[in-house]
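> Provided herewith is a single structure, encoded as structure tokens, for subsequent inquiry.
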Amino acid sequence: MQEVIVIGAGVVGSAVAYGLARQGLSVTLLDEGDRALRASRGNFGLVWCQGKGFGAPAYADITARSCREWPGFAEQLQAETGIDVEYDNRGGLYFYFDAAGRDARQQRLSAVQQQAAEALPFSLLDREQLLETLPDLGPEVLGASFCPLDGTCDPLKLLYALLSAARRQGVSHRTRCRANRILVGQDQRLEVETTAGTLKADKVVIAAGLDSDRLAGQVGLKVPLEPVRGQIMVSARQPERLALPSLQVRQTREGTIICGDSHEHVGEDCGTTVEVMQAIAQRAVRIYPFLADIQVNRAWGALRIMTPDGLPLYEQAPMHPGIFNVSCHSGITLAAFHANQLANCIADGQLPASLASFRGDRFDV
């Protein structure tokens, strides 16, 4: 039986580890613990398709594929673990406030649709259509684009379900275990030096988030990543008022309303700022004026990983074919793809040509 070490126990690493174990491989998952800068703990929880892949058809294809597989993926996790990740796929909205915004949205979505291998469904809804399901909509909202593939989940419950399912599949989950170095032993097997000793395996998957560039650089892979901070505020629980989610505002199953969608380049600072929170609140109130009277209970910041072009990095080390890098900022949306198709490719030992555009050498210009 082939042995695999997956470095990183966030949503990306856990999904890959779970998928590899389902393929019959012996998997060890290295988890640095709470000191890790987990994106999942500050995630907005969107399983989102619309608009992604503009100028990058391969990204549009894997995003749409993952979104289409998400219903079965969520059901499978619940059947194996009993954990409901609160997946809701009633579709999602992207609001615009004037004719210029509407035209720009139409052009972008049409371009993505024309480049994609499969048809990506979307429609533009005018204000009257939106008011049928969103009567609390603000007067400035002109309309929105709608995609039925979009949805939401609880990112923390997703991580919990993936880790639980992985362990049920036989994955050895080693907590408080930091990977320091990757090398090839005298017997030509791969070795990972950790804070808990040295482990050996036939394959190694680097899915360590912001730490991936350090580890991947040791085996000749180029992984240019930077942290991007997102801030989120969460309201007190409310009766259901938001029937559909958007990129900026959504309501959870428990009734809380989450507001977010900020992007800051501030290094590894996970804090919050009054200025950004104010901008988030003002935008949310512009969409739904009733939010001005709702109490905010919590607010926090968290870091995403981002490549220079915003696309994932999927690559096999040229000099060490058993080592793979998996880095992306869309770990929630792509979880089904990572656990299914990508894990299958890693188990087979070869990434397909369809993923060639996600290699790190695309930045060698």
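Numbering starts fresh at 1 for the residues of each chain in the structure tokens, the chains themselves are lettered A, B, ... in the order given, and ligands are numbered from 1 as they appear.
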May I have a table of the residues of stretch 110-207 of chain A lying at most 12 Å from stretch 302-317 of chain A, giving each one's closest pair of atoms and their distance in Å to one decimal, counting only C-alpha atoms, ordered by chain and ascending residue number, as JSON lines?

```
{"residue": "A:Ile182", "atom": "CA", "partner": "A:Ala317", "partner_atom": "CA", "distance": 11.9}
{"residue": "A:Lys203", "atom": "CA", "partner": "A:Gln316", "partner_atom": "CA", "distance": 10.5}
{"residue": "A:Val204", "atom": "CA", "partner": "A:Gln316", "partner_atom": "CA", "distance": 10.0}
{"residue": "A:Val205", "atom": "CA", "partner": "A:Gln316", "partner_atom": "CA", "distance": 9.2}
{"residue": "A:Ile206", "atom": "CA", "partner": "A:Glu315", "partner_atom": "CA", "distance": 9.9}
{"residue": "A:Ala207", "atom": "CA", "partner": "A:Tyr314", "partner_atom": "CA", "distance": 10.0}
```
> Need to verify the contact set: A:Ala17, 9 Å, only C-alpha atoms, exclusion of same-chain residues closer than 4 positions in sequence. Can you return it as a PyMOL selection string?
chain A and resi 4-6+9+12-13+21-22+27-29+162-163+166+171+205+339+343
> Give me a file of those residues, with N, CA and C atoms, as a tab-separated table (two decimals), in the first residue's frame.

```
chain	number	residue	atom	x	y	z
A	4	VAL	N	1.29	8.12	1.93
A	4	VAL	CA	1.29	9.53	1.55
A	4	VAL	C	1.27	10.39	2.81
A	5	ILE	N	2.07	11.45	2.78
A	5	ILE	CA	2.03	12.47	3.83
A	5	ILE	C	1.42	13.72	3.24
A	6	VAL	N	0.37	14.22	3.85
A	6	VAL	CA	-0.25	15.48	3.45
A	6	VAL	C	0.11	16.52	4.51
A	9	ALA	N	-3.57	20.72	7.42
A	9	ALA	CA	-4.87	20.13	7.75
A	9	ALA	C	-6.00	21.16	7.72
A	12	VAL	N	-8.21	22.55	2.43
A	12	VAL	CA	-7.57	22.00	1.23
A	12	VAL	C	-6.87	20.68	1.55
A	13	GLY	N	-6.00	20.68	2.54
A	13	GLY	CA	-5.27	19.46	2.87
A	13	GLY	C	-6.17	18.35	3.35
A	21	ALA	N	-7.36	8.74	0.94
A	21	ALA	CA	-7.70	7.58	1.77
A	21	ALA	C	-8.81	6.76	1.14
A	22	ARG	N	-9.77	7.43	0.49
A	22	ARG	CA	-10.86	6.71	-0.18
A	22	ARG	C	-10.35	5.92	-1.38
A	27	VAL	N	-2.58	7.26	4.55
A	27	VAL	CA	-2.37	8.71	4.59
A	27	VAL	C	-2.08	9.18	6.01
A	28	THR	N	-1.05	10.02	6.12
A	28	THR	CA	-0.76	10.73	7.36
A	28	THR	C	-0.95	12.21	7.12
A	29	LEU	N	-1.78	12.84	7.93
A	29	LEU	CA	-2.10	14.26	7.79
A	29	LEU	C	-1.42	15.05	8.90
A	162	LEU	N	-14.64	17.04	7.20
A	162	LEU	CA	-13.55	16.47	6.41
A	162	LEU	C	-12.55	15.73	7.30
A	163	LEU	N	-12.19	16.33	8.42
A	163	LEU	CA	-11.25	15.67	9.33
A	163	LEU	C	-11.86	14.39	9.91
A	166	ALA	N	-12.00	11.80	7.15
A	166	ALA	CA	-10.65	11.31	6.86
A	166	ALA	C	-10.21	10.28	7.89
A	171	VAL	N	-7.13	7.75	7.98
A	171	VAL	CA	-6.07	8.74	7.97
A	171	VAL	C	-5.52	8.94	9.38
A	205	VAL	N	2.21	15.54	-0.24
A	205	VAL	CA	1.36	16.61	-0.77
A	205	VAL	C	1.54	17.83	0.13
A	339	ALA	N	-11.21	16.63	-3.28
A	339	ALA	CA	-11.43	15.31	-2.69
A	339	ALA	C	-11.68	14.24	-3.74
A	343	ALA	N	-7.51	14.36	-5.95
A	343	ALA	CA	-6.97	13.27	-5.15
A	343	ALA	C	-6.76	12.01	-5.99
```
> If we count only C-alpha atoms, what is near stretch 52-57 of chain A at a cut-off of 6 Å, once residues fewer than 6 positions away on the same chain are taken out, given as a list in words?
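Residues near the query, excluding close chain neighbours: Val112, Gln115 and Ala116 of chain A.
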> So, counting only C-alpha atoms, which residue among A:Arg178, A:Arg229, A:Arg189, A:Arg362 is closest to A:Asp211?
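Smallest separation from A:Asp211 among the options: A:Arg178.
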> Within stretch 27-273 of chain A, find each residue whose DSSP state, derived from the backbone, is alpha helix (DSSP H), and express the selection as a ChimeraX atom specification.
/A:57-81,99-115,127-131,155-168,212-217
> Could you tell me which of A:Ala144, A:Ala299, A:Leu137, A:Ala335 comes closest to A:Tyr96 if we count only C-alpha atoms?
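Between A:Ala144, A:Ala299, A:Leu137, A:Ala335, the residue approaching A:Tyr96 most closely is A:Ala144.
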> As a PDB file with all heavy atoms, in the first residue's frame, please: the residues near A:Tyr87 (cut-off 8 Å, only C-alpha atoms, same-chain neighbours under 4 positions excluded).

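result-v7.pdb was written with the following content:
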```pdb
ATOM      1  N   PRO A  71     -23.410  19.041  -4.109  1.00  0.00           N
ATOM      2  CA  PRO A  71     -24.558  18.409  -3.436  1.00  0.00           C
ATOM      3  C   PRO A  71     -24.272  16.971  -3.004  1.00  0.00           C
ATOM      4  O   PRO A  71     -24.532  16.592  -1.850  1.00  0.00           O
ATOM      5  CB  PRO A  71     -25.664  18.477  -4.494  1.00  0.00           C
ATOM      6  CG  PRO A  71     -25.307  19.661  -5.331  1.00  0.00           C
ATOM      7  CD  PRO A  71     -23.802  19.652  -5.397  1.00  0.00           C
ATOM      8  N   ALA A  74     -21.576  16.934  -0.135  1.00  0.00           N
ATOM      9  CA  ALA A  74     -22.103  17.244   1.190  1.00  0.00           C
ATOM     10  C   ALA A  74     -22.909  16.077   1.754  1.00  0.00           C
ATOM     11  O   ALA A  74     -22.817  15.753   2.950  1.00  0.00           O
ATOM     12  CB  ALA A  74     -22.970  18.508   1.117  1.00  0.00           C
ATOM     13  N   GLY A 151     -23.815  28.640  -3.897  1.00  0.00           N
ATOM     14  CA  GLY A 151     -24.412  28.229  -2.636  1.00  0.00           C
ATOM     15  C   GLY A 151     -23.542  28.627  -1.466  1.00  0.00           C
ATOM     16  O   GLY A 151     -22.581  29.392  -1.605  1.00  0.00           O
ATOM     17  N   THR A 152     -23.866  28.097  -0.305  1.00  0.00           N
ATOM     18  CA  THR A 152     -23.124  28.406   0.917  1.00  0.00           C
ATOM     19  C   THR A 152     -22.981  27.146   1.766  1.00  0.00           C
ATOM     20  O   THR A 152     -23.695  26.160   1.577  1.00  0.00           O
ATOM     21  CB  THR A 152     -23.846  29.477   1.756  1.00  0.00           C
ATOM     22  OG1 THR A 152     -25.143  28.981   2.131  1.00  0.00           O
ATOM     23  CG2 THR A 152     -24.005  30.772   0.972  1.00  0.00           C
ATOM     24  N   CYS A 153     -22.059  27.204   2.713  1.00  0.00           N
ATOM     25  CA  CYS A 153     -21.922  26.152   3.724  1.00  0.00           C
ATOM     26  C   CYS A 153     -21.331  26.785   4.969  1.00  0.00           C
ATOM     27  O   CYS A 153     -20.969  27.965   4.965  1.00  0.00           O
ATOM     28  CB  CYS A 153     -21.040  25.002   3.209  1.00  0.00           C
ATOM     29  SG  CYS A 153     -19.274  25.403   3.175  1.00  0.00           S
ATOM     30  N   ASP A 154     -21.232  26.017   6.021  1.00  0.00           N
ATOM     31  CA  ASP A 154     -20.539  26.461   7.228  1.00  0.00           C
ATOM     32  C   ASP A 154     -19.096  25.966   7.120  1.00  0.00           C
ATOM     33  O   ASP A 154     -18.844  24.759   7.182  1.00  0.00           O
ATOM     34  CB  ASP A 154     -21.210  25.874   8.472  1.00  0.00           C
ATOM     35  CG  ASP A 154     -20.584  26.398   9.760  1.00  0.00           C
ATOM     36  OD1 ASP A 154     -19.347  26.451   9.844  1.00  0.00           O
ATOM     37  OD2 ASP A 154     -21.327  26.749  10.690  1.00  0.00           O
TER      38      ASP A 154
END
```
> What lies within 10 Å of A:Gln282 using only C-alpha atoms, ignoring chain neighbours under 6 positions off, as a PDB file with N, CA and C atoms, in the first residue's frame?

```pdb
ATOM      1  N   VAL A 276     -12.179  49.574   7.716  1.00  0.00           N
ATOM      2  CA  VAL A 276     -12.701  48.506   6.869  1.00  0.00           C
ATOM      3  C   VAL A 276     -14.057  48.034   7.361  1.00  0.00           C
ATOM      4  N   TYR A 288     -29.206  46.310   2.119  1.00  0.00           N
ATOM      5  CA  TYR A 288     -30.349  46.009   2.985  1.00  0.00           C
ATOM      6  C   TYR A 288     -30.399  47.058   4.094  1.00  0.00           C
ATOM      7  N   PRO A 289     -31.160  48.129   3.932  1.00  0.00           N
ATOM      8  CA  PRO A 289     -31.184  49.213   4.922  1.00  0.00           C
ATOM      9  C   PRO A 289     -31.565  48.773   6.338  1.00  0.00           C
ATOM     10  N   LEU A 291     -30.448  46.573   8.069  1.00  0.00           N
ATOM     11  CA  LEU A 291     -29.276  46.155   8.838  1.00  0.00           C
ATOM     12  C   LEU A 291     -28.726  47.282   9.712  1.00  0.00           C
ATOM     13  N   ALA A 292     -29.075  48.514   9.397  1.00  0.00           N
ATOM     14  CA  ALA A 292     -28.589  49.632  10.200  1.00  0.00           C
ATOM     15  C   ALA A 292     -29.071  49.539  11.644  1.00  0.00           C
TER      16      ALA A 292
END
```
